[in-house]
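Engineer: Input data.txt, format and content: compact mmCIF, C-alpha atoms.
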```txt
# COMPACT_ATOMS: atom_id res chain seq x y z
CA MET A 233 14.02 -20.64 45.98
CA GLU A 234 14.59 -21.15 49.67
CA GLN A 235 11.79 -23.70 49.96
CA TYR A 236 13.44 -25.88 47.30
CA LEU A 237 16.74 -25.79 49.19
CA VAL A 238 14.94 -26.77 52.39
CA ALA A 239 13.21 -29.60 50.49
CA PHE A 240 16.57 -30.83 49.13
CA ILE A 241 18.25 -30.75 52.55
CA THR A 242 15.27 -32.47 54.18
CA GLY A 243 15.60 -35.22 51.58
CA LEU A 244 19.36 -35.46 52.08
CA THR A 245 19.17 -35.66 55.87
CA THR A 246 15.99 -37.39 57.03
CA GLY A 247 14.12 -38.25 53.85
CA GLY A 248 16.75 -40.60 52.46
CA LEU A 249 16.89 -42.98 55.39
CA SER A 250 13.19 -42.78 56.13
CA CYS A 251 12.28 -43.58 52.54
CA MET A 252 14.96 -46.28 52.37
CA ALA A 253 13.18 -48.06 55.21
CA VAL A 254 9.90 -48.01 53.32
CA GLN A 255 10.94 -48.24 49.69
CA GLY A 256 14.23 -50.13 50.09
CA GLY A 257 12.38 -53.36 49.45
CA LEU A 258 11.43 -52.34 45.95
CA LEU A 259 15.02 -51.34 45.26
CA ALA A 260 16.28 -54.64 46.66
CA SER A 261 13.81 -56.51 44.46
CA SER A 262 15.00 -54.72 41.34
CA LEU A 263 18.64 -55.30 42.24
CA ALA A 264 17.90 -58.94 42.86
CA TYR A 265 16.99 -59.38 39.19
CA GLN A 266 20.26 -57.76 38.09
CA ILE A 267 22.29 -59.86 40.50
CA GLU A 268 20.59 -63.05 39.32
CA GLN A 269 21.44 -62.08 35.76
CA ASP A 270 25.09 -61.32 36.60
CA MET A 271 25.47 -64.60 38.45
CA LEU A 272 24.00 -66.48 35.50
CA THR A 273 26.32 -64.78 33.01
CA ALA A 274 29.30 -65.54 35.20
CA GLY A 275 28.14 -69.14 35.45
CA ASN A 276 27.95 -69.46 31.67
CA LYS A 277 31.46 -68.09 31.24
CA LYS A 278 32.73 -70.52 33.89
CA SER A 279 34.77 -67.66 35.24
CA LYS A 280 36.72 -68.31 38.37
CA ARG A 281 36.91 -64.63 39.21
CA VAL A 282 34.79 -63.15 41.94
CA THR A 283 31.66 -61.75 40.37
CA ARG A 284 31.01 -58.15 41.30
CA PRO A 285 27.42 -57.40 40.44
CA LYS A 286 26.90 -54.44 38.14
CA THR A 287 24.39 -52.76 40.39
CA ALA A 288 25.34 -49.11 39.88
CA LEU A 289 23.28 -48.80 36.69
CA PRO A 290 20.08 -50.39 38.02
CA ILE A 291 20.31 -48.28 41.18
CA VAL A 292 20.69 -45.13 39.07
CA LEU A 293 17.79 -46.20 36.84
CA PHE A 294 15.63 -46.95 39.88
CA LEU A 295 16.39 -43.53 41.36
CA LEU A 296 15.85 -41.82 38.01
CA ALA A 297 12.43 -43.43 37.61
CA LYS A 298 11.62 -42.46 41.18
CA LEU A 299 12.68 -38.88 40.53
CA VAL A 300 10.56 -38.63 37.40
CA ALA A 301 7.54 -40.29 39.05
CA TYR A 302 7.63 -38.00 42.09
CA THR A 303 8.21 -34.88 39.99
CA PHE A 304 5.14 -35.86 38.01
CA LEU A 305 3.26 -36.50 41.25
CA GLY A 306 4.28 -33.04 42.50
CA LEU A 307 2.90 -31.60 39.30
CA LEU A 308 -0.39 -33.45 39.74
CA LEU A 309 -0.61 -32.52 43.42
CA GLY A 310 -0.14 -28.89 42.61
CA LEU A 311 -2.73 -29.23 39.89
CA LEU A 312 -5.38 -31.49 41.33
CA GLY A 313 -5.27 -30.93 45.07
CA SER A 314 -6.01 -33.71 47.48
CA VAL A 315 -7.76 -36.01 44.99
CA LEU A 316 -4.70 -38.22 44.62
CA THR A 317 -3.93 -38.67 48.30
CA LEU A 318 -4.20 -42.32 49.32
CA ASN A 319 -5.95 -42.86 52.63
CA ALA A 320 -4.44 -44.98 55.40
CA THR A 321 -6.40 -48.14 54.56
CA LEU A 322 -5.35 -48.06 50.91
CA ARG A 323 -1.72 -47.49 51.89
CA ALA A 324 -1.94 -50.38 54.35
CA ILE A 325 -3.35 -52.71 51.69
CA LEU A 326 -0.62 -51.57 49.32
CA LEU A 327 2.13 -52.20 51.89
CA ILE A 328 0.79 -55.67 52.65
CA ALA A 329 0.52 -56.45 48.93
CA ILE A 330 4.10 -55.29 48.37
CA GLY A 331 5.18 -57.37 51.37
CA VAL A 332 3.50 -60.47 49.91
CA PHE A 333 5.16 -59.74 46.55
CA MET A 334 8.59 -59.50 48.17
CA VAL A 335 8.20 -62.60 50.33
CA GLY A 336 6.98 -64.48 47.25
CA ASN A 337 10.01 -63.25 45.32
CA ALA A 338 12.36 -64.33 48.09
CA LEU A 339 10.80 -67.83 48.08
CA ARG A 340 11.19 -67.85 44.28
CA MET A 341 14.89 -67.02 44.66
CA PHE A 342 15.25 -69.82 47.19
CA ASN A 343 13.71 -72.13 44.55
CA VAL A 344 11.19 -73.34 47.08
CA HIS A 345 8.63 -74.23 44.40
CA PRO A 346 8.03 -73.25 40.73
CA PHE A 347 4.70 -71.76 41.92
CA PHE A 348 6.57 -68.75 43.29
CA ARG A 349 7.63 -67.77 39.77
CA ILE A 350 4.26 -66.00 39.54
CA PHE A 351 5.83 -63.26 41.68
CA ALA A 352 8.34 -62.39 38.97
CA ILE A 353 7.51 -59.34 36.91
CA GLU A 354 7.64 -60.09 33.21
CA PRO A 355 7.57 -57.03 30.96
CA PRO A 356 4.88 -57.20 28.25
CA LYS A 357 6.07 -58.95 25.08
CA PHE A 358 5.57 -55.92 22.86
CA VAL A 359 7.81 -53.89 25.18
CA THR A 360 10.67 -56.39 25.19
CA ARG A 361 10.39 -56.98 21.45
CA TYR A 362 10.38 -53.26 20.73
CA ILE A 363 13.36 -52.67 23.00
CA ARG A 364 15.33 -55.58 21.56
CA ARG A 365 14.74 -54.74 17.94
CA THR A 366 15.22 -51.01 18.17
CA ALA A 367 17.95 -50.58 20.72
CA LYS A 368 19.69 -53.96 20.48
CA THR A 369 20.85 -53.34 23.99
CA ASN A 370 20.56 -55.21 27.21
CA THR A 371 17.04 -54.80 28.59
CA ASP A 372 17.85 -55.36 32.20
CA TRP A 373 16.74 -51.83 32.91
CA PHE A 374 13.00 -52.50 32.74
CA THR A 375 12.59 -53.86 36.26
CA PRO A 376 14.47 -51.07 38.11
CA LEU A 377 12.64 -48.45 36.05
CA PHE A 378 9.25 -50.02 36.75
CA LEU A 379 9.86 -50.56 40.46
CA GLY A 380 11.43 -47.11 40.83
CA ALA A 381 8.27 -45.58 39.43
CA LEU A 382 6.19 -47.77 41.77
CA THR A 383 7.72 -46.04 44.83
CA VAL A 384 5.33 -43.21 44.10
CA LEU A 385 2.59 -45.39 45.58
CA ILE A 386 4.35 -45.91 48.92
CA PRO A 387 5.67 -42.56 50.10
CA CYS A 388 7.28 -42.51 53.55
CA GLY A 389 6.13 -40.10 56.24
CA VAL A 390 8.67 -37.42 55.37
CA THR A 391 7.67 -37.68 51.71
CA GLN A 392 4.03 -37.33 52.65
CA ALA A 393 4.80 -34.19 54.60
CA MET A 394 6.54 -32.88 51.48
CA MET A 395 3.57 -33.93 49.35
CA ALA A 396 1.33 -31.89 51.62
CA VAL A 397 3.57 -28.88 50.98
CA ALA A 398 3.45 -29.54 47.23
CA LEU A 399 -0.33 -29.70 47.50
CA ALA A 400 -0.41 -26.42 49.35
CA THR A 401 1.54 -24.64 46.61
CA GLY A 402 -1.52 -24.96 44.37
CA ASP A 403 0.78 -24.58 41.39
CA PRO A 404 1.82 -27.54 39.20
CA LEU A 405 5.29 -26.20 38.40
CA GLN A 406 6.08 -25.30 42.01
CA GLY A 407 4.73 -28.65 43.20
CA ALA A 408 6.85 -30.49 40.64
CA ALA A 409 10.00 -28.48 41.49
CA LEU A 410 9.49 -29.09 45.21
CA MET A 411 9.12 -32.86 44.85
CA PHE A 412 12.06 -32.93 42.42
CA ALA A 413 14.30 -31.13 44.92
CA PHE A 414 13.22 -33.40 47.77
CA VAL A 415 13.61 -36.72 45.92
CA LEU A 416 16.93 -35.56 44.46
CA GLY A 417 18.04 -34.99 48.05
CA THR A 418 17.06 -38.53 49.07
CA SER A 419 18.96 -40.09 46.15
CA PRO A 420 22.57 -40.01 47.44
CA VAL A 421 21.63 -41.91 50.60
CA PHE A 422 19.68 -44.46 48.57
CA PHE A 423 22.56 -44.93 46.19
CA LEU A 424 25.28 -45.23 48.81
CA VAL A 425 23.40 -47.66 51.05
CA ALA A 426 22.28 -49.84 48.15
CA TYR A 427 25.61 -49.83 46.30
CA LEU A 428 27.78 -50.53 49.33
CA THR A 429 25.44 -53.30 50.48
CA THR A 430 25.65 -55.11 47.14
CA GLN A 431 29.42 -54.67 46.78
CA ILE A 432 30.11 -55.99 50.26
CA GLY A 433 27.62 -58.78 49.63
CA ALA A 434 29.49 -59.84 46.47
CA ARG A 435 32.35 -61.12 48.62
CA LEU A 436 30.03 -63.82 49.82
CA GLU A 437 30.11 -65.27 46.28
CA LYS A 438 27.91 -68.34 46.05
CA TRP A 439 26.01 -67.36 49.16
CA PHE A 440 25.21 -63.98 47.71
CA MET A 441 21.95 -64.98 46.03
CA ARG A 442 20.72 -66.41 49.29
CA PHE A 443 21.89 -63.29 51.06
CA VAL A 444 19.83 -61.17 48.64
CA ALA A 445 16.86 -63.49 49.05
CA VAL A 446 17.09 -63.20 52.84
CA VAL A 447 17.24 -59.38 52.60
CA VAL A 448 14.19 -59.36 50.32
CA LEU A 449 12.40 -61.77 52.66
CA VAL A 450 13.09 -59.64 55.74
CA LEU A 451 12.10 -56.40 54.01
CA GLY A 452 8.94 -58.10 52.75
CA LEU A 453 7.98 -59.13 56.27
CA VAL A 454 8.75 -55.60 57.51
CA SER A 455 6.51 -54.19 54.78
CA MET A 456 3.66 -56.55 55.68
CA ASN A 457 4.07 -55.67 59.35
CA SER A 458 3.97 -51.95 58.53
CA GLY A 459 0.72 -52.50 56.64
CA LEU A 460 -0.76 -54.39 59.60
CA ASN A 461 0.37 -51.61 61.97
CA LEU A 462 -1.28 -49.08 59.73
CA MET A 463 -4.54 -50.99 59.95
CA GLY A 464 -4.20 -51.24 63.73
CA SER A 465 -4.32 -55.00 63.33
CA PRO A 466 -3.79 -57.28 66.35
CA LEU A 467 -1.67 -59.47 64.05
CA ALA A 468 1.05 -56.78 63.77
CA PHE A 469 4.33 -57.72 65.43
CA PRO A 470 4.19 -55.14 68.31
CA SER A 471 0.64 -56.25 69.19
CA LEU A 472 1.62 -59.92 69.10
CA THR A 473 4.65 -59.40 71.34
CA ALA A 474 2.60 -57.27 73.75
CA ALA A 475 -0.07 -59.97 73.89
CA ALA A 476 2.57 -62.63 74.52
CA GLN A 477 3.89 -60.80 77.57
CA ASP A 478 2.32 -61.40 80.96
CA ALA A 479 0.01 -58.76 82.37
CA PRO A 480 1.87 -56.30 84.60
CA ALA A 481 1.86 -57.32 88.24
CA THR A 482 1.53 -53.74 89.43
CA ALA A 483 -1.79 -51.91 89.67
CA PHE A 484 -3.02 -49.92 86.67
CA VAL A 485 -1.94 -46.29 87.05
CA PRO A 486 -3.37 -43.85 84.50
CA ASP A 487 -0.96 -41.39 82.91
CA THR A 488 -3.40 -38.52 83.48
CA THR A 489 -5.38 -36.97 86.30
CA ASP A 490 -7.11 -34.19 84.38
CA GLY A 491 -8.20 -36.06 81.25
CA THR A 492 -5.25 -34.93 79.16
CA LEU A 493 -2.69 -37.43 77.86
CA VAL A 494 0.65 -36.24 76.50
CA LEU A 495 2.49 -38.07 73.74
CA ASN A 496 5.82 -36.91 72.34
CA ALA A 497 6.34 -37.50 68.61
CA GLU A 498 10.12 -37.68 68.37
CA ASN A 499 12.48 -38.26 65.47
CA TYR A 500 12.85 -41.95 66.33
CA GLY A 501 9.34 -42.82 67.49
CA TYR A 502 6.71 -42.04 70.09
CA SER A 503 7.35 -41.55 73.78
CA PRO A 504 5.94 -43.12 75.84
CA SER A 505 5.08 -45.98 73.51
CA ARG A 506 2.38 -47.10 75.94
CA LEU A 507 -0.07 -44.69 77.53
CA ASN A 508 -2.34 -45.78 80.39
CA ALA A 509 -5.71 -44.07 80.18
CA PRO A 510 -8.73 -44.11 82.51
CA ALA A 511 -11.73 -45.99 81.08
CA GLY A 512 -15.17 -44.50 80.66
CA VAL A 513 -14.26 -40.83 80.23
CA PRO A 514 -13.53 -38.77 77.12
CA LEU A 515 -9.91 -37.68 76.90
CA THR A 516 -7.70 -35.28 75.04
CA LEU A 517 -4.45 -36.59 73.60
CA ASN A 518 -1.92 -33.81 73.13
CA VAL A 519 0.67 -34.87 70.58
CA VAL A 520 3.80 -32.78 71.05
CA THR A 521 6.51 -32.20 68.44
CA GLU A 522 9.75 -30.31 68.95
CA ASN A 523 12.06 -30.05 65.96
CA THR A 524 10.62 -33.33 64.68
CA TYR A 525 11.37 -34.03 61.05
CA SER A 526 10.84 -37.77 60.84
CA CYS A 527 8.02 -40.02 59.73
CA SER A 528 6.47 -39.78 63.21
CA ARG A 529 4.98 -36.42 62.19
CA ALA A 530 2.42 -38.23 60.07
CA PHE A 531 0.33 -39.48 63.01
CA LEU A 532 -2.48 -42.03 62.81
CA ILE A 533 -4.93 -43.72 65.16
CA PRO A 534 -6.49 -46.23 62.75
CA ALA A 535 -9.29 -47.33 65.12
CA LEU A 536 -10.54 -43.74 65.51
CA GLY A 537 -9.96 -42.67 61.91
CA VAL A 538 -7.46 -40.03 63.06
CA GLU A 539 -4.84 -38.97 60.51
CA VAL A 540 -2.92 -35.73 61.00
CA ILE A 541 0.33 -34.23 59.77
CA LEU A 542 1.90 -32.69 62.88
CA PRO A 543 3.84 -29.42 62.70
CA GLU A 544 7.65 -29.62 63.12
CA THR A 545 7.21 -27.97 66.50
CA GLY A 546 3.89 -27.61 68.29
CA VAL A 547 1.04 -29.35 70.10
CA VAL A 548 -1.92 -30.96 68.34
CA PRO A 549 -4.89 -31.95 70.57
CA ILE A 550 -6.86 -35.04 69.53
CA SER A 551 -10.18 -35.98 71.13
CA ILE A 552 -10.46 -39.56 72.31
CA PRO A 553 -14.00 -40.73 73.09
CA ALA A 554 -14.69 -42.74 76.27
CA GLN A 555 -13.58 -46.37 76.01
CA PRO A 556 -14.41 -49.42 78.13
CA ALA A 557 -11.72 -50.92 80.37
CA GLY A 558 -9.46 -53.38 78.60
CA THR A 559 -9.57 -51.53 75.27
CA VAL A 560 -6.24 -51.14 73.53
CA ILE A 561 -6.01 -48.52 70.79
CA PRO A 562 -2.81 -48.66 68.72
CA PHE A 563 -1.33 -45.56 67.14
CA THR A 564 1.31 -45.41 64.42
CA CYS A 565 3.13 -43.21 61.96
CA SER A 566 1.58 -43.19 58.52
CA MET A 567 3.89 -45.90 57.19
CA GLY A 568 3.52 -48.20 60.18
CA MET A 569 7.19 -47.85 61.15
CA TYR A 570 6.80 -46.23 64.59
CA THR A 571 4.04 -47.54 66.82
CA GLY A 572 2.56 -47.39 70.30
CA GLU A 573 -0.74 -47.93 72.11
CA ILE A 574 -3.22 -46.42 74.52
CA VAL A 575 -4.40 -48.92 77.12
CA PHE A 576 -7.65 -48.21 78.95
CA GLY A 577 -8.17 -49.48 82.49
CA ASP A 578 -9.80 -48.73 85.82
CA MET B 205 5.03 -72.33 9.19
CA ILE B 206 4.42 -74.38 12.35
CA LYS B 207 4.11 -73.54 16.04
CA ARG B 208 5.70 -75.78 18.70
CA THR B 209 6.00 -75.53 22.46
CA PHE B 210 9.29 -76.52 24.09
CA ARG B 211 10.46 -76.85 27.63
CA VAL B 212 13.27 -74.43 28.60
CA ASP B 213 15.49 -75.07 31.62
CA GLY B 214 17.87 -72.61 33.23
CA MET B 215 15.76 -69.48 33.23
CA THR B 216 16.21 -67.98 36.69
CA CYS B 217 14.54 -64.61 36.29
CA PRO B 218 12.36 -62.66 33.86
CA ASN B 219 15.40 -61.17 32.13
CA CYS B 220 16.23 -64.65 30.83
CA VAL B 221 13.01 -64.57 28.81
CA MET B 222 14.39 -61.74 26.71
CA ARG B 223 17.59 -63.66 26.06
CA VAL B 224 15.75 -66.77 25.00
CA GLU B 225 13.46 -64.77 22.74
CA SER B 226 16.44 -63.06 21.12
CA ILE B 227 17.11 -66.23 19.11
CA GLU B 228 14.36 -65.09 16.76
CA ASP B 229 16.68 -62.26 15.67
CA ASP B 230 19.56 -64.61 14.87
CA LEU B 231 17.98 -67.72 13.42
CA PRO B 232 16.64 -67.52 9.84
CA GLY B 233 13.33 -69.35 9.57
CA VAL B 234 12.23 -68.53 13.11
CA LYS B 235 9.38 -66.06 12.93
CA GLN B 236 8.58 -65.58 16.59
CA VAL B 237 9.62 -66.90 20.00
CA SER B 238 7.42 -66.38 23.01
CA ALA B 239 9.05 -67.57 26.23
CA SER B 240 7.65 -67.67 29.75
CA TYR B 241 9.82 -67.79 32.85
CA GLN B 242 6.81 -68.62 34.98
CA ARG B 243 5.91 -71.73 32.97
CA GLY B 244 9.47 -72.62 31.89
CA ARG B 245 8.28 -72.93 28.29
CA MET B 246 8.70 -71.25 24.94
CA ILE B 247 6.40 -71.24 21.94
CA VAL B 248 8.32 -71.04 18.66
CA GLU B 249 6.73 -70.23 15.32
CA PHE B 250 9.08 -71.38 12.57
CA ASP B 251 9.38 -72.52 8.97
CA GLU B 252 10.42 -76.18 9.19
CA THR B 253 11.79 -76.08 5.65
CA LEU B 254 14.38 -73.48 6.71
CA VAL B 255 15.21 -74.46 10.28
CA GLY B 256 14.93 -77.60 12.41
CA GLU B 257 14.34 -78.24 16.09
CA ALA B 258 17.99 -79.21 16.57
CA GLU B 259 19.13 -75.79 15.35
CA ILE B 260 16.62 -74.06 17.62
CA PHE B 261 17.88 -76.07 20.59
CA ALA B 262 21.47 -75.18 19.68
CA ALA B 263 20.62 -71.48 19.51
CA VAL B 264 18.94 -71.65 22.93
CA LYS B 265 22.00 -73.43 24.32
CA LYS B 266 24.22 -70.69 22.91
CA ALA B 267 22.08 -68.16 24.79
CA GLY B 268 22.83 -70.06 28.00
CA TYR B 269 19.76 -72.29 28.44
CA THR B 270 18.55 -75.77 27.61
CA ALA B 271 15.55 -76.45 25.39
CA GLU B 272 13.93 -79.81 24.77
CA ALA B 273 10.79 -81.24 23.24
CA LEU B 274 7.84 -81.77 25.55
```
In structure tokens, how does this file's structure come out?
Structural biologist:
Amino acid sequence: MEQYLVAFITGLTTGGLSCMAVQGGLLASSLAYQIEQDMLTAGNKKSKRVTRPKTALPIVLFLLAKLVAYTFLGLLLGLLGSVLTLNATLRAILLIAIGVFMVGNALRMFNVHPFFRIFAIEPPKFVTRYIRRTAKTNTDWFTPLFLGALTVLIPCGVTQAMMAVALATGDPLQGAALMFAFVLGTSPVFFLVAYLTTQIGARLEKWFMRFVAVVVLVLGLVSMNSGLNLMGSPLAFPSLTAAAQDAPATAFVPDTTDGTLVLNAENYGYSPSRLNAPAGVPLTLNVVTENTYSCSRAFLIPALGVEVILPETGVVPISIPAQPAGTVIPFTCSMGMYTGEIVFGD
Amino acid sequence: MIKRTFRVDGMTCPNCVMRVESIEDDLPGVKQVSASYQRGRMIVEFDETLVGEAEIFAAVKKAGYTAEAL
């Protein structure tokens, strides 16, 4: 019972915000549809009142679908072991694809060109017809349900750590209960942030749709950048900004004398974010955690194929083979949110 | 029974598709409406002896959109 309580509290404290950063885009996309619909309805009624978007229901539906999807994932993890774990490359491709989808949707909302309508998700005809004829209710719930379920494909670092625990239970019911408790814990933060954002945004009236489009656009770019980080791509924003800066005027001073580099994985990123390493010799990178509960615990060096889940407190040594001078090896958390690099020089 | 394609303006998101298609529930003589937000079109299968294009356009207008012949 205690492990479920810990899972719930982890979700409530760190999981909510961490997941919001990764999955918030999908939620924003689903809310965007609802807001568009509300604006249209208000337009038809020629109402002069300020339109307050009815976003509470879609947010709840999104979170409900997410809860069900992750509970099911917990069940499968407990049942099937590591078969379902997505590797870093697949997650990166997924993040970039989601980023492209969101940017495309933002451009659609800006009415840039009818071409961008291809980014809109249209439910299959048989689904909409069935819903309409049987329930005779508003069907605006399809998109939040669908996108909420999609979050299962882009777990944040904290979620992945919890998935590893669910995997370790080796029991479908325990795995399901654990993921249920964790995702339930993340839900209040999701709801509050999303609901307050949309309600405050409603005051902007006619600018609100553009506001939503801008949010979706920014989150889409963040998602694409996370995917590029995860691939260790030189096109990722941190690599581009580093490349744009002038080379340091001071001489290269390695951060080690005995072949051991130390990197602290903290709750808000990696310190130092740049490690100077001597070229031509094999090294050991000691990644240190101390009461670390954030995404940074899921540590990756894409270029070396390193992917480890760090303990909450402890030291994990990672072997780094000898590299020529001038090599830059980026490292990142598993969702590409926190990044840094090892620079090799003489 | 004939099948015609019409242009539909005013659809701003996929949810609009469902509203446009709902006219098939309200208009006798209309067998099926298949709308596409992406193409801004709808294909209507209807019995021209029971319902005319003008009535279909009026029903679409009532739903909040504008339909016209291509």
Engineer: Counting all atoms listed in the file, which residues have an atom no more than 9 Å from (9.2, -68.8, 23.6) in the file's coordinates? Please list them as a list in words.
Structural biologist: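 Output of the proximity query reads Thr209, Phe210, Val212, Val221, Val224, Glu225, Gln236, Val237, Ser238, Ala239, Ser240, Arg245, Met246, Ile247, Val248 and Glu249 of chain B.
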Engineer: Find, counting only C-alpha atoms, the residue in A:Leu326, A:Leu289, A:Leu339, A:Arg361 that gets nearest to chain B.
Structural biologist: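 For chain B, the nearest of the candidates is A:Arg361.
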Engineer: Could you please select, counting only C-alpha atoms, the residues of chain B within 12 Å of chain A and state them as a PyMOL selection string?
Structural biologist: chain B and resi 213-230+236-244+265-269
Engineer: Gly417 of chain A: which residues within 9 Å, counting only C-alpha atoms, same-chain residues fewer than 2 positions away excluded, as a ChimeraX atom specification?
Structural biologist: /A:239-245,247-248,412-415,419-421
Engineer: Could you give me the axis-aligned bounding box of segment 247-251 of chain B, with 3 Å of padding per side, as centre plus edge lengths in Å to one decimal, as JSON?
Structural biologist:
```
{"center_x": 7.9, "center_y": -71.4, "center_z": 15.5, "size_x": 9.0, "size_y": 8.3, "size_z": 19.0}
```
Engineer: Determine, counting only C-alpha atoms, every residue of protein, DNA or RNA that lies within 12 Å of (13.4, -73.6, 3.9) in the file coordinates, then give the result as JSON, numbers by chain.
Structural biologist: {"B": [205, 232, 233, 234, 250, 251, 252, 253, 254, 255, 256]}
Engineer: Quote the spacing between atom CA of Leu449 of chain A and atom CA of Met334 of chain A in Å to one decimal place.
Structural biologist: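 Between these atoms lies a distance of 6.3 Å.
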Engineer: So what do you get for atom CA of Leu327 of chain A versus atom CA of Gly459 of chain A, distance-wise?
Structural biologist: 5.0 Å
Engineer: Measuring atom to atom with only C-alpha atoms, identify which of A:Thr246, A:Thr488, A:Asn499, A:Ser465 is nearest to Pro514 of chain A.
Structural biologist: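 Of all the options, A:Thr488 lies closest to Pro514 of chain A.
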Engineer: Since the input lacks some atoms of segment 218-235 of chain B, please model N, CA and C atoms and print them as a PDB file, keeping the file's coordinate frame.
Structural biologist:
```pdb
ATOM      1  N   PRO B 218      13.046 -63.112  35.075  1.00  0.00           N
ATOM      2  CA  PRO B 218      12.360 -62.660  33.860  1.00  0.00           C
ATOM      3  C   PRO B 218      13.297 -62.140  32.765  1.00  0.00           C
ATOM      4  N   ASN B 219      14.481 -61.672  33.150  1.00  0.00           N
ATOM      5  CA  ASN B 219      15.400 -61.170  32.130  1.00  0.00           C
ATOM      6  C   ASN B 219      15.838 -62.278  31.160  1.00  0.00           C
ATOM      7  N   CYS B 220      15.840 -63.518  31.680  1.00  0.00           N
ATOM      8  CA  CYS B 220      16.230 -64.650  30.830  1.00  0.00           C
ATOM      9  C   CYS B 220      15.281 -64.798  29.646  1.00  0.00           C
ATOM     10  N   VAL B 221      14.016 -64.453  29.869  1.00  0.00           N
ATOM     11  CA  VAL B 221      13.010 -64.570  28.810  1.00  0.00           C
ATOM     12  C   VAL B 221      13.463 -63.787  27.576  1.00  0.00           C
ATOM     13  N   MET B 222      13.964 -62.585  27.836  1.00  0.00           N
ATOM     14  CA  MET B 222      14.390 -61.740  26.710  1.00  0.00           C
ATOM     15  C   MET B 222      15.564 -62.364  25.961  1.00  0.00           C
ATOM     16  N   ARG B 223      16.434 -63.017  26.717  1.00  0.00           N
ATOM     17  CA  ARG B 223      17.590 -63.660  26.060  1.00  0.00           C
ATOM     18  C   ARG B 223      17.163 -64.852  25.222  1.00  0.00           C
ATOM     19  N   VAL B 224      16.244 -65.628  25.762  1.00  0.00           N
ATOM     20  CA  VAL B 224      15.750 -66.770  25.000  1.00  0.00           C
ATOM     21  C   VAL B 224      15.048 -66.286  23.738  1.00  0.00           C
ATOM     22  N   GLU B 225      14.215 -65.269  23.889  1.00  0.00           N
ATOM     23  CA  GLU B 225      13.460 -64.770  22.740  1.00  0.00           C
ATOM     24  C   GLU B 225      14.359 -64.131  21.676  1.00  0.00           C
ATOM     25  N   SER B 226      15.552 -63.728  22.085  1.00  0.00           N
ATOM     26  CA  SER B 226      16.440 -63.060  21.120  1.00  0.00           C
ATOM     27  C   SER B 226      16.914 -63.991  20.010  1.00  0.00           C
ATOM     28  N   ILE B 227      16.676 -65.312  20.176  1.00  0.00           N
ATOM     29  CA  ILE B 227      17.110 -66.230  19.110  1.00  0.00           C
ATOM     30  C   ILE B 227      16.326 -65.983  17.822  1.00  0.00           C
ATOM     31  N   GLU B 228      15.146 -65.363  17.963  1.00  0.00           N
ATOM     32  CA  GLU B 228      14.360 -65.090  16.760  1.00  0.00           C
ATOM     33  C   GLU B 228      15.043 -64.047  15.861  1.00  0.00           C
ATOM     34  N   ASP B 229      15.956 -63.263  16.467  1.00  0.00           N
ATOM     35  CA  ASP B 229      16.680 -62.260  15.670  1.00  0.00           C
ATOM     36  C   ASP B 229      17.837 -62.901  14.895  1.00  0.00           C
ATOM     37  N   ASP B 230      18.333 -64.038  15.420  1.00  0.00           N
ATOM     38  CA  ASP B 230      19.560 -64.610  14.870  1.00  0.00           C
ATOM     39  C   ASP B 230      19.330 -65.822  13.970  1.00  0.00           C
ATOM     40  N   LEU B 231      18.183 -66.457  14.118  1.00  0.00           N
ATOM     41  CA  LEU B 231      17.980 -67.720  13.420  1.00  0.00           C
ATOM     42  C   LEU B 231      17.013 -67.556  12.239  1.00  0.00           C
ATOM     43  N   PRO B 232      17.534 -67.634  11.003  1.00  0.00           N
ATOM     44  CA  PRO B 232      16.640 -67.520   9.840  1.00  0.00           C
ATOM     45  C   PRO B 232      15.614 -68.652   9.863  1.00  0.00           C
ATOM     46  N   GLY B 233      14.380 -68.335   9.560  1.00  0.00           N
ATOM     47  CA  GLY B 233      13.330 -69.350   9.570  1.00  0.00           C
ATOM     48  C   GLY B 233      12.479 -69.299  10.818  1.00  0.00           C
ATOM     49  N   VAL B 234      13.018 -68.678  11.885  1.00  0.00           N
ATOM     50  CA  VAL B 234      12.230 -68.530  13.110  1.00  0.00           C
ATOM     51  C   VAL B 234      11.486 -67.203  13.048  1.00  0.00           C
ATOM     52  N   LYS B 235      10.165 -67.299  13.051  1.00  0.00           N
ATOM     53  CA  LYS B 235       9.380 -66.060  12.930  1.00  0.00           C
ATOM     54  C   LYS B 235       9.221 -65.389  14.286  1.00  0.00           C
TER      55      LYS B 235
END
```
